[in-house]
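Enquirer: This is the structure I want to talk about, given as structure tokens.
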Amino acid sequence: MIVLKFGGSSVADAEGIRRASAIVAAARHRRPVVVVSALGGVTDLLLAATAAAGRDDLAGQEAAMAGIERRHRWASSACLDDAASRQDVEMVLADTFDEMKLLLRSIRTLGELSPRAADAVLACGELLSSRLLTAALKGAGVDATWVDPRKVVITDGSHGSATPDLARMAGSVKTEVLSLVEKGQVPVIGGFVGSSPGGVTTTLGRGGGDTTAAVIGAAGGAEELQIWTDVDGLMTADPRLAADATCLGRVSFAEASEMASFGAKVLHPASVSPAVSASIPVRVLNSRNPEFEGTVVLPHSDPSRLGVVSLASRTGLTAVFLEADRGMEGALFRRRAMDLQEPPGPLPELIQVSAVGAVAVFRDSDAAAVHAGRWDRLGKVRTVDGVGMVAAVGEALRNDAALTGEVCRELGALHPMVLGAGGAALSVYALFPQAGLETVVSRLHRRFFQEVTRT
Ligand code: ADP
Ligand code: ASP
Ligand code: MG
């Protein structure tokens with residue numbers, strides 16, 4: 001069995017859905033299980049609809065819902081050739097739209113957008129796209145069967161960022177997914193969606209379709225996990241920031257994890273480790289260029305690879321800086337600054353603490369504000385929004401101090417707000433104002449991948 005996951009960028013419209021169907025049809029002999037994200041852009045529209053309902057903005061909610069309905073109706077009429085199957089799908093779509101409107105109305109009536117209600121609405125993106133893809137696959141002659149992700153992906157109850165419980169999923173993957181594969185059918189499952197042990201719908205966090213694919217692959221003993229996206233594979237940098245980025249043929253699991261955690265959006269960070277633990281090879285492929293071999297993520301490092309492998313980057317971060325109160329003893333300051341447990345607080349993406357100061361970086365400004373409140377007791381706190389992070393990643397950085405020094409020098413020359421490296425880490429990272437991040441990434445890319453001869 002292999003798992004094929006199609007991201008929203010691969011199924012943004014009817015043409016994309018047709019391309020995905022052809023890819024699955026061609027992989028039929030490998031016993032595929034298909035995981036699919038919401039049509040590209042639909043999760044953003046769903047977020048807009050729930051936020052509008054939460055502030056009782058009926059016009060805003062209706063505008064977002066109209067966009068969602070239009071996208072799915074267009075896609076169904078353009079990718080399903082058979083009138084009867086189109087009618088069947090349109091009935092299912094209409095039922096889901098009605099259900100969504102009921103949910104949004106109850107959010108407006110209660111005047112409160114709870115994480116649980118938000119998940120019930122957000123899940124609809126994948127529930128809809130998976131229905132469309134199932135019908136398109138049948139139209140392409142594939143014996144596809146729609147599977148409800150809420151019966152397969154059992155998670156904890158953390159709405160909005162739920163964690164799948166692999167131990168509990170062994171049984172559900174066997175009965176709901178593998179049983180179909182055994183019968184020669186192709187199961188089609190919406191990614192990103194699960195349910196708590198109590199049966200309440202949850203979602204796995206943005207980009208969580210990759211995680212669904214990885215946990216289904218791990219629980220079902222897949223031979224391979226294929227992540228189909230809109231670029232040729234993992235690249236030397238985000239191609240939107242460095243136009244001359246090139247595709248990497250191979251990276252190690254450790255490099256892929258580090259790239260994902262520093263923002264190379266093409267793989268969700270939580271999707272790498274289940275595949276590693278189950279020793280499942282991961283391949284990143286381009287649904288617009290399916291003949292291209294893409295990137296293979298290997299369990300081990302490639303000793304012939306020297307130097308930096310990729311530049312990962314992300315924006316939209318908030319940094320909290322802390323300058324210790326004079327007179328506070330260094331060891332005591334360090335202990336208090338690093339204590340994120342008493343009381344449990346938001347987890348930073350990154351934290352650096354010395355005897356006299358510290359910095360913590362957060363994905364959202366509310367979490368940063370909570371953290372700033374905790375640190376306020378230890379000294380002078382300064383919060384900076386609009387922060388971008390760039391990390392140079394490569395296994396070679398683990399052991400090669402000279403290379404680490406060289407990378408630090410290059411990053412340092414660009415005057416970062418913070419620079420960090422070392423230890424067993426296979427990355428050197430730096431924080432910059434996000435407005436200048438594109439320039440930083442393209443300059444570093446030129447420096448590491450063009451001026452220096454790669455080996
Ligand atoms: P999908 O809809 O398939 O899940 P995503 O938008 O989540 O796609 O991820 C694919 C995008 O990731 C690409 O379009 C690319 O812009 C971005 N990206 C960021 N960093 C990298 C990188 N190092 N290699 C490849 N793509 C990257
Ligand atoms: N649809 C979700 C998102 O846009 C999950 C995913 O695409 O993986 O974040
Ligand atoms: Mg993605």
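Residue numbering restarts at 1 for every chain of the structure tokens, chains are lettered A, B, ... in their displayed order, and ligands are numbered from 1 as they appear.
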At a cut-off of 7 Å and counting only C-alpha atoms and all ligand atoms, what residues surround ligand 2? Please answer as number ranges by chain.

Expert: A: 7-8, 37-38, 40-41, 43-44, 125-126, 191-192, 205-210

Enquirer: For the residues in the current selection, export C-alpha atoms as a compact mmCIF listing (two decimals), in the first residue's frame.

Expert:
# COMPACT_ATOMS: atom_id res chain seq x y z
CA GLY A 7 -2.43 19.38 -1.14
CA GLY A 8 -4.89 22.21 -1.78
CA SER A 37 -6.80 18.72 1.31
CA ALA A 38 -9.55 21.27 0.85
CA GLY A 40 -6.75 25.58 -2.50
CA GLY A 41 -7.89 28.73 -0.69
CA THR A 43 -9.70 26.80 4.32
CA ASP A 44 -8.96 30.55 4.29
CA GLY A 125 -13.38 21.98 3.35
CA GLU A 126 -11.82 18.51 3.32
CA GLY A 191 -6.87 15.28 5.38
CA PHE A 192 -6.58 17.70 8.33
CA GLY A 205 -3.71 22.71 12.40
CA ARG A 206 -2.88 24.50 9.13
CA GLY A 207 -1.10 22.26 6.66
CA GLY A 208 -2.31 19.23 8.66
CA GLY A 209 -3.20 17.18 5.59
CA ASP A 210 0.45 16.08 5.46

Enquirer: Give one line per residue of region 194-258 of chain A that approaches region 420-437 of chain A to at most 10 Å, naming the two atoms of the closest pair and their distance in Å to one decimal, counting only C-alpha atoms; sort by chain then ascending residue number and deliver it as CSV.

Expert:
residue,atom,partner,partner_atom,distance
A:Leu241,CA,A:Leu437,CA,8.2
A:Ala254,CA,A:Leu426,CA,8.2
A:Glu255,CA,A:Leu426,CA,7.4
A:Glu258,CA,A:Ser427,CA,7.5

Enquirer: Keeping only N, CA, C and O atoms, take the residues you just selected and write them out as a PDB file, in the first residue's frame.

Expert:
ATOM      1  N   LEU A 241      10.570  33.237  -2.719  1.00  0.00           N
ATOM      2  CA  LEU A 241      11.521  34.240  -2.228  1.00  0.00           C
ATOM      3  C   LEU A 241      12.826  34.228  -3.017  1.00  0.00           C
ATOM      4  O   LEU A 241      13.515  35.245  -3.093  1.00  0.00           O
ATOM      5  N   ALA A 254      16.286  14.088   8.919  1.00  0.00           N
ATOM      6  CA  ALA A 254      16.623  15.144   9.886  1.00  0.00           C
ATOM      7  C   ALA A 254      16.587  16.510   9.207  1.00  0.00           C
ATOM      8  O   ALA A 254      16.078  17.484   9.761  1.00  0.00           O
ATOM      9  N   GLU A 255      17.127  16.571   7.973  1.00  0.00           N
ATOM     10  CA  GLU A 255      17.101  17.856   7.249  1.00  0.00           C
ATOM     11  C   GLU A 255      15.668  18.274   6.934  1.00  0.00           C
ATOM     12  O   GLU A 255      15.294  19.436   7.095  1.00  0.00           O
ATOM     13  N   GLU A 258      14.045  19.587  10.057  1.00  0.00           N
ATOM     14  CA  GLU A 258      14.560  20.912  10.419  1.00  0.00           C
ATOM     15  C   GLU A 258      14.003  21.965   9.455  1.00  0.00           C
ATOM     16  O   GLU A 258      13.581  23.040   9.868  1.00  0.00           O
TER      17      GLU A 258
END

Enquirer: Rank nothing, just name the residue among A:Val11, A:Ala75, A:Val361, A:Cys247 nearest to ligand 3, using only C-alpha atoms and all ligand atoms.

Expert: A:Val11

Enquirer: Of the candidates A:Pro115, A:Pro269, A:Gly141, A:Gly221, which shows the shortest atom-to-atom distance to ligand 1, using only C-alpha atoms and all ligand atoms?

Expert: A:Pro269

Enquirer: Neighbouring residues of Leu47 (chain A) were defined as those with any atom within 10 Å, considering only C-alpha atoms; residues of the same chain fewer than 3 positions away were excluded. Please report them as a short mmCIF file (atom, residue, chain, number, x, y, z; two decimals) with N, CA and C atoms, in the first residue's frame.

Expert:
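So the final result, stored in selection08.cif, reads:
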data_model
loop_
_atom_site.label_atom_id
_atom_site.label_comp_id
_atom_site.auth_asym_id
_atom_site.auth_seq_id
_atom_site.Cartn_x
_atom_site.Cartn_y
_atom_site.Cartn_z
N VAL A 42 -9.75 27.33 0.12
CA VAL A 42 -11.05 27.16 0.77
C VAL A 42 -10.93 27.23 2.30
N THR A 43 -9.83 26.71 2.86
CA THR A 43 -9.70 26.80 4.32
C THR A 43 -9.63 28.27 4.76
N ASP A 44 -8.98 29.10 3.96
CA ASP A 44 -8.96 30.55 4.29
C ASP A 44 -10.37 31.13 4.25
N THR A 50 -16.14 31.72 9.55
CA THR A 50 -16.34 31.50 11.01
C THR A 50 -16.03 32.79 11.77
N ALA A 51 -14.98 33.51 11.35
CA ALA A 51 -14.65 34.75 12.07
C ALA A 51 -15.79 35.76 11.91
N ALA A 52 -16.37 35.83 10.70
CA ALA A 52 -17.48 36.77 10.49
C ALA A 52 -18.67 36.37 11.37
N ALA A 53 -18.97 35.06 11.43
CA ALA A 53 -20.09 34.61 12.27
C ALA A 53 -19.83 34.97 13.73
N GLN A 61 -20.05 36.78 6.46
CA GLN A 61 -20.22 35.32 6.44
C GLN A 61 -20.78 34.86 5.10
N ALA A 64 -18.24 35.00 2.22
CA ALA A 64 -17.28 33.88 2.24
C ALA A 64 -17.97 32.59 1.81
N ALA A 118 -15.52 26.13 15.62
CA ALA A 118 -14.68 26.49 14.47
C ALA A 118 -14.24 25.22 13.74
N ASP A 119 -13.83 24.19 14.50
CA ASP A 119 -13.38 22.94 13.88
C ASP A 119 -14.49 22.28 13.07
N VAL A 121 -16.79 23.66 11.42
CA VAL A 121 -16.93 24.35 10.13
C VAL A 121 -15.69 24.11 9.26
N LEU A 122 -14.49 24.26 9.85
CA LEU A 122 -13.24 24.12 9.07
C LEU A 122 -13.12 22.75 8.41
#

Enquirer: List as a list in words the protein and nucleic acid residues lying within 6 Å of ligand 1, with only C-alpha atoms and all ligand atoms counted.

Expert: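 Written in the requested form, the residues are Gly7, Gly8, Ser9, Ser10, Gly207, Thr229, Asp230, Val231, Gly233, Leu234, Met235, Thr236, Ala237, Asp238, Pro239, Arg240, Ala264, Lys265, Val266 and Ala312 of chain A.
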
Enquirer: Go ahead and write the residues just picked, N, CA, C and O atoms, as a PDB file, in the first residue's frame.

Expert:
ATOM      1  N   GLY A   7      -2.207  18.135  -1.879  1.00  0.00           N
ATOM      2  CA  GLY A   7      -2.435  19.381  -1.142  1.00  0.00           C
ATOM      3  C   GLY A   7      -3.435  20.259  -1.879  1.00  0.00           C
ATOM      4  O   GLY A   7      -3.767  20.003  -3.048  1.00  0.00           O
ATOM      5  N   GLY A   8      -3.900  21.299  -1.194  1.00  0.00           N
ATOM      6  CA  GLY A   8      -4.889  22.211  -1.775  1.00  0.00           C
ATOM      7  C   GLY A   8      -4.410  22.817  -3.089  1.00  0.00           C
ATOM      8  O   GLY A   8      -5.208  23.054  -4.004  1.00  0.00           O
ATOM      9  N   SER A   9      -3.093  23.035  -3.202  1.00  0.00           N
ATOM     10  CA  SER A   9      -2.578  23.642  -4.430  1.00  0.00           C
ATOM     11  C   SER A   9      -2.716  22.682  -5.616  1.00  0.00           C
ATOM     12  O   SER A   9      -2.764  23.117  -6.755  1.00  0.00           O
ATOM     13  N   SER A  10      -2.785  21.381  -5.333  1.00  0.00           N
ATOM     14  CA  SER A  10      -2.925  20.395  -6.420  1.00  0.00           C
ATOM     15  C   SER A  10      -4.375  20.189  -6.819  1.00  0.00           C
ATOM     16  O   SER A  10      -4.650  19.599  -7.856  1.00  0.00           O
ATOM     17  N   GLY A 207      -2.050  23.160   7.327  1.00  0.00           N
ATOM     18  CA  GLY A 207      -1.103  22.260   6.657  1.00  0.00           C
ATOM     19  C   GLY A 207      -1.207  20.827   7.155  1.00  0.00           C
ATOM     20  O   GLY A 207      -0.393  19.968   6.791  1.00  0.00           O
ATOM     21  N   THR A 229       2.383  18.185  -4.576  1.00  0.00           N
ATOM     22  CA  THR A 229       2.187  19.606  -4.341  1.00  0.00           C
ATOM     23  C   THR A 229       2.353  20.386  -5.636  1.00  0.00           C
ATOM     24  O   THR A 229       2.195  19.821  -6.724  1.00  0.00           O
ATOM     25  N   ASP A 230       2.658  21.700  -5.545  1.00  0.00           N
ATOM     26  CA  ASP A 230       2.718  22.522  -6.764  1.00  0.00           C
ATOM     27  C   ASP A 230       4.137  22.942  -7.124  1.00  0.00           C
ATOM     28  O   ASP A 230       4.327  23.835  -7.940  1.00  0.00           O
ATOM     29  N   VAL A 231       5.134  22.345  -6.480  1.00  0.00           N
ATOM     30  CA  VAL A 231       6.530  22.606  -6.856  1.00  0.00           C
ATOM     31  C   VAL A 231       7.224  21.250  -7.048  1.00  0.00           C
ATOM     32  O   VAL A 231       6.705  20.224  -6.607  1.00  0.00           O
ATOM     33  N   GLY A 233       9.560  19.689  -5.698  1.00  0.00           N
ATOM     34  CA  GLY A 233      10.041  18.917  -4.549  1.00  0.00           C
ATOM     35  C   GLY A 233      10.524  19.883  -3.489  1.00  0.00           C
ATOM     36  O   GLY A 233      10.184  21.072  -3.522  1.00  0.00           O
ATOM     37  N   LEU A 234      11.320  19.376  -2.543  1.00  0.00           N
ATOM     38  CA  LEU A 234      11.941  20.276  -1.571  1.00  0.00           C
ATOM     39  C   LEU A 234      13.035  21.034  -2.304  1.00  0.00           C
ATOM     40  O   LEU A 234      13.815  20.447  -3.044  1.00  0.00           O
ATOM     41  N   MET A 235      13.100  22.330  -2.080  1.00  0.00           N
ATOM     42  CA  MET A 235      14.012  23.145  -2.881  1.00  0.00           C
ATOM     43  C   MET A 235      15.055  23.822  -2.000  1.00  0.00           C
ATOM     44  O   MET A 235      14.938  23.850  -0.774  1.00  0.00           O
ATOM     45  N   THR A 236      16.039  24.407  -2.665  1.00  0.00           N
ATOM     46  CA  THR A 236      17.131  25.049  -1.937  1.00  0.00           C
ATOM     47  C   THR A 236      16.641  26.294  -1.178  1.00  0.00           C
ATOM     48  O   THR A 236      17.358  26.804  -0.315  1.00  0.00           O
ATOM     49  N   ALA A 237      15.446  26.795  -1.501  1.00  0.00           N
ATOM     50  CA  ALA A 237      14.811  27.891  -0.753  1.00  0.00           C
ATOM     51  C   ALA A 237      13.368  27.946  -1.203  1.00  0.00           C
ATOM     52  O   ALA A 237      12.988  27.297  -2.186  1.00  0.00           O
ATOM     53  N   ASP A 238      12.545  28.711  -0.476  1.00  0.00           N
ATOM     54  CA  ASP A 238      11.172  28.914  -0.903  1.00  0.00           C
ATOM     55  C   ASP A 238      11.210  29.603  -2.268  1.00  0.00           C
ATOM     56  O   ASP A 238      11.735  30.715  -2.385  1.00  0.00           O
ATOM     57  N   PRO A 239      10.703  28.954  -3.317  1.00  0.00           N
ATOM     58  CA  PRO A 239      10.823  29.537  -4.664  1.00  0.00           C
ATOM     59  C   PRO A 239      10.118  30.887  -4.794  1.00  0.00           C
ATOM     60  O   PRO A 239      10.415  31.647  -5.715  1.00  0.00           O
ATOM     61  N   ARG A 240       9.216  31.196  -3.868  1.00  0.00           N
ATOM     62  CA  ARG A 240       8.566  32.517  -3.938  1.00  0.00           C
ATOM     63  C   ARG A 240       9.522  33.619  -3.481  1.00  0.00           C
ATOM     64  O   ARG A 240       9.334  34.780  -3.776  1.00  0.00           O
ATOM     65  N   ALA A 264       9.795  25.721   5.957  1.00  0.00           N
ATOM     66  CA  ALA A 264       9.665  25.288   4.553  1.00  0.00           C
ATOM     67  C   ALA A 264       8.297  24.612   4.442  1.00  0.00           C
ATOM     68  O   ALA A 264       8.123  23.446   4.769  1.00  0.00           O
ATOM     69  N   LYS A 265       7.321  25.387   4.020  1.00  0.00           N
ATOM     70  CA  LYS A 265       5.909  25.037   4.172  1.00  0.00           C
ATOM     71  C   LYS A 265       5.503  23.766   3.425  1.00  0.00           C
ATOM     72  O   LYS A 265       4.444  23.191   3.694  1.00  0.00           O
ATOM     73  N   VAL A 266       6.340  23.345   2.528  1.00  0.00           N
ATOM     74  CA  VAL A 266       5.959  22.225   1.676  1.00  0.00           C
ATOM     75  C   VAL A 266       5.685  20.941   2.472  1.00  0.00           C
ATOM     76  O   VAL A 266       4.871  20.132   2.079  1.00  0.00           O
ATOM     77  N   ALA A 312      15.479  27.650   4.917  1.00  0.00           N
ATOM     78  CA  ALA A 312      14.048  27.635   5.260  1.00  0.00           C
ATOM     79  C   ALA A 312      13.697  29.003   5.824  1.00  0.00           C
ATOM     80  O   ALA A 312      14.552  29.665   6.426  1.00  0.00           O
TER      81      ALA A 312
END

Enquirer: Running DSSP on the backbone, which parts of region 155-247 of chain A land in helix (DSSP H, G or I), as a PyMOL selection string?

Expert: chain A and resi 166-182+209-220

Enquirer: Do you know which residues are at most 6 Å from Val296 (chain A) counting only C-alpha atoms, after dropping those on the same chain fewer than 4 positions away, and could you put them as a PyMOL selection string?

Expert: chain A and resi 250+282-283

Enquirer: Quick one: pull the distance between CA of Glu349 (chain A) and CA of Arg363 (chain A), Å, one decimal.

Expert: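 These atoms are spaced 6.9 Å apart.
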
Enquirer: Could you pull out all residues of region 275-414 of chain A with a DSSP call of strand (DSSP E) and give them as an MDAnalysis selection string?

Expert: chainID A and resid 282:286 295:298 310:324 350:353 357:362 379:393

Enquirer: Looking at only C-alpha atoms, which of A:Val147, A:Ala63, A:Ala162, A:Ile280 is the one that sits closest to Thr175 (chain A)?

Expert: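 The closest residue to Thr175 (chain A) is A:Val147.
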
Enquirer: Residues of region 226-321 of chain A that approach region 413-419 of chain A to 12 Å or less, counting only C-alpha atoms: could you list each one with the shortest pair of atoms and its distance in Å to one decimal, rows by chain and increasing residue number, as JSON lines?

Expert:
{"residue": "A:Ala319", "atom": "CA", "partner": "A:Met417", "partner_atom": "CA", "distance": 9.8}
{"residue": "A:Val320", "atom": "CA", "partner": "A:Val418", "partner_atom": "CA", "distance": 11.5}
{"residue": "A:Phe321", "atom": "CA", "partner": "A:Val418", "partner_atom": "CA", "distance": 10.2}

Enquirer: Using C-alpha atoms, can you write the selected residues to a file as a short mmCIF file (atom, residue, chain, number, x, y, z; two decimals), in the first residue's frame?

Expert:
data_model
loop_
_atom_site.label_atom_id
_atom_site.label_comp_id
_atom_site.auth_asym_id
_atom_site.auth_seq_id
_atom_site.Cartn_x
_atom_site.Cartn_y
_atom_site.Cartn_z
CA ALA A 319 9.64 38.18 19.19
CA VAL A 320 9.68 38.92 22.92
CA PHE A 321 13.00 40.29 24.22
#

Enquirer: Taking only C-alpha atoms and all ligand atoms into account, name the residue in A:Val152, A:Ala167, A:Ala260, A:Cys408 that is nearest to ligand 3.

Expert: A:Ala260

Enquirer: Taking only C-alpha atoms and all ligand atoms into account, name the residue in A:Ala337, A:Ala270, A:Ala367, A:Leu127 that is nearest to ligand 3.

Expert: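 Of A:Ala337, A:Ala270, A:Ala367, A:Leu127, the one nearest ligand 3, counting only C-alpha atoms and all ligand atoms, is A:Ala270.
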
Enquirer: Which residue out of A:Leu4, A:Val153, A:Leu180, A:Leu267 has the minimum interatomic distance to ligand 3 when only C-alpha atoms and all ligand atoms are used?

Expert: A:Leu267

Enquirer: Using only C-alpha atoms, which protein or nucleic acid residues come within 12 Å of Ser279 (chain A)? Drop anything in the same chain fewer than 3 positions from it, and give the result as a CSV table (one decimal) with all heavy atoms, in the first residue's frame.

Expert:
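Final output, out-v4.csv:
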chain,number,residue,atom,x,y,z
A,214,ALA,N,0.7,11.1,6.8
A,214,ALA,CA,1.8,10.4,7.5
A,214,ALA,C,1.3,9.4,8.6
A,214,ALA,O,1.8,8.3,8.7
A,214,ALA,CB,2.8,11.4,8.2
A,217,GLY,N,-0.2,6.4,6.9
A,217,GLY,CA,0.9,5.6,6.3
A,217,GLY,C,1.5,4.8,7.4
A,217,GLY,O,1.8,3.6,7.2
A,218,ALA,N,1.8,5.4,8.5
A,218,ALA,CA,2.5,4.8,9.6
A,218,ALA,C,1.6,3.7,10.2
A,218,ALA,O,2.0,2.5,10.4
A,218,ALA,CB,2.9,5.8,10.7
A,219,ALA,N,0.3,4.0,10.5
A,219,ALA,CA,-0.6,3.0,11.1
A,219,ALA,C,-0.9,1.9,10.1
A,219,ALA,O,-1.1,0.7,10.6
A,219,ALA,CB,-1.9,3.7,11.6
A,221,GLY,N,1.2,0.8,7.7
A,221,GLY,CA,2.4,0.1,7.2
A,221,GLY,C,2.6,0.4,5.7
A,221,GLY,O,2.9,-0.5,4.9
A,222,ALA,N,2.5,1.6,5.3
A,222,ALA,CA,2.7,2.0,3.9
A,222,ALA,C,4.1,1.7,3.4
A,222,ALA,O,5.0,1.8,4.2
A,222,ALA,CB,2.3,3.4,3.6
A,223,GLU,N,4.2,1.4,2.1
A,223,GLU,CA,5.6,1.3,1.5
A,223,GLU,C,6.2,2.6,1.2
A,223,GLU,O,7.4,2.8,1.1
A,223,GLU,CB,5.5,0.5,0.2
A,223,GLU,CG,5.2,-1.0,0.3
A,223,GLU,CD,4.5,-1.5,-0.9
A,223,GLU,OE1,4.8,-1.0,-2.0
A,223,GLU,OE2,3.7,-2.4,-0.8
A,224,GLU,N,5.3,3.6,0.9
A,224,GLU,CA,5.8,4.9,0.5
A,224,GLU,C,4.7,6.0,0.8
A,224,GLU,O,3.5,5.7,0.7
A,224,GLU,CB,6.2,4.9,-1.0
A,224,GLU,CG,6.8,6.2,-1.5
A,224,GLU,CD,7.3,6.1,-2.9
A,224,GLU,OE1,8.3,5.5,-3.1
A,224,GLU,OE2,6.6,6.6,-3.8
A,225,LEU,N,5.2,7.2,1.1
A,225,LEU,CA,4.3,8.3,1.3
A,225,LEU,C,4.6,9.3,0.2
A,225,LEU,O,5.8,9.8,0.2
A,225,LEU,CB,4.5,8.9,2.7
A,225,LEU,CG,3.9,10.2,3.1
A,225,LEU,CD1,2.4,10.1,2.9
A,225,LEU,CD2,4.2,10.5,4.6
A,253,PHE,N,15.9,12.7,6.6
A,253,PHE,CA,14.8,12.9,7.4
A,253,PHE,C,15.1,14.1,8.3
A,253,PHE,O,14.2,15.0,8.6
A,253,PHE,CB,14.4,11.7,8.2
A,253,PHE,CG,13.5,10.8,7.6
A,253,PHE,CD1,13.8,9.4,7.4
A,253,PHE,CD2,12.2,11.2,7.1
A,253,PHE,CE1,12.9,8.5,6.8
A,253,PHE,CE2,11.3,10.3,6.5
A,253,PHE,CZ,11.7,9.0,6.4
A,272,VAL,N,6.7,14.5,9.5
A,272,VAL,CA,7.9,13.8,9.2
A,272,VAL,C,8.2,12.7,10.2
A,272,VAL,O,8.5,11.6,9.8
A,272,VAL,CB,9.1,14.8,9.1
A,272,VAL,CG1,10.4,14.1,8.7
A,272,VAL,CG2,8.8,16.0,8.2
A,273,SER,N,7.9,13.0,11.5
A,273,SER,CA,8.3,12.0,12.5
A,273,SER,C,7.6,10.7,12.4
A,273,SER,O,8.2,9.6,12.6
A,273,SER,CB,8.4,12.6,13.9
A,273,SER,OG,7.1,13.0,14.2
A,274,PRO,N,6.2,10.6,12.2
A,274,PRO,CA,5.6,9.3,12.1
A,274,PRO,C,6.1,8.5,11.0
A,274,PRO,O,6.3,7.3,11.1
A,274,PRO,CB,4.1,9.7,11.8
A,274,PRO,CG,3.9,11.1,12.1
A,274,PRO,CD,5.3,11.8,12.0
A,275,ALA,N,6.5,9.2,9.9
A,275,ALA,CA,7.1,8.4,8.8
A,275,ALA,C,8.5,7.9,9.1
A,275,ALA,O,8.8,6.7,8.8
A,275,ALA,CB,7.2,9.3,7.5
A,276,VAL,N,9.3,8.7,9.8
A,276,VAL,CA,10.6,8.3,10.3
A,276,VAL,C,10.5,7.1,11.2
A,276,VAL,O,11.1,6.0,11.0
A,276,VAL,CB,11.4,9.4,11.1
A,276,VAL,CG1,12.8,8.9,11.5
A,276,VAL,CG2,11.4,10.7,10.4
A,282,VAL,N,9.6,9.0,2.2
A,282,VAL,CA,8.7,10.1,1.8
A,282,VAL,C,9.2,10.7,0.5
A,282,VAL,O,10.4,10.9,0.3
A,282,VAL,CB,8.6,11.2,2.9
A,282,VAL,CG1,7.7,12.3,2.5
A,282,VAL,CG2,8.2,10.6,4.2
A,297,VAL,N,13.0,11.7,0.6
A,297,VAL,CA,13.5,12.0,2.0
A,297,VAL,C,14.0,10.7,2.5
A,297,VAL,O,13.2,9.7,2.7
A,297,VAL,CB,12.3,12.5,2.9
A,297,VAL,CG1,12.8,12.9,4.3
A,297,VAL,CG2,11.7,13.8,2.2
A,298,LEU,N,15.3,10.6,2.8
A,298,LEU,CA,16.0,9.4,3.2
A,298,LEU,C,16.1,9.3,4.7
A,298,LEU,O,16.3,10.3,5.3
A,298,LEU,CB,17.4,9.3,2.5
A,298,LEU,CG,17.4,9.3,1.0
A,298,LEU,CD1,18.8,9.6,0.6
A,298,LEU,CD2,17.0,8.0,0.5
A,299,PRO,N,16.1,8.0,5.2
A,299,PRO,CA,16.2,7.9,6.7
A,299,PRO,C,17.6,8.3,7.2
A,299,PRO,O,17.7,8.8,8.3
A,299,PRO,CB,16.0,6.4,6.9
A,299,PRO,CG,15.7,5.8,5.6
A,299,PRO,CD,15.8,6.8,4.5
A,300,HIS,N,18.6,8.3,6.3
A,300,HIS,CA,20.0,8.6,6.8
A,300,HIS,C,20.6,9.8,6.0
A,300,HIS,O,20.1,10.1,4.9
A,300,HIS,CB,20.9,7.4,6.6
A,300,HIS,CG,20.4,6.2,7.3
A,300,HIS,ND1,20.3,6.1,8.6
A,300,HIS,CD2,19.9,5.0,6.8
A,300,HIS,CE1,19.7,5.0,9.0
A,300,HIS,NE2,19.5,4.3,7.9

Enquirer: For a test of reading the model, state the distance in Å between CA of Gly160 (chain A) and CA of Thr212 (chain A), rounded to one decimal.

Expert: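 Computing the Euclidean distance for CA of Gly160 (chain A) and CA of Thr212 (chain A) yields 14.2 Å.
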
Enquirer: Extract, using only C-alpha atoms, all DNA, RNA and protein residues at most 9 Å from Lys380 (chain A), discarding same-chain residues fewer than 5 positions from it, and format them as a PyMOL selection string.

Expert: chain A and resi 321-325+375
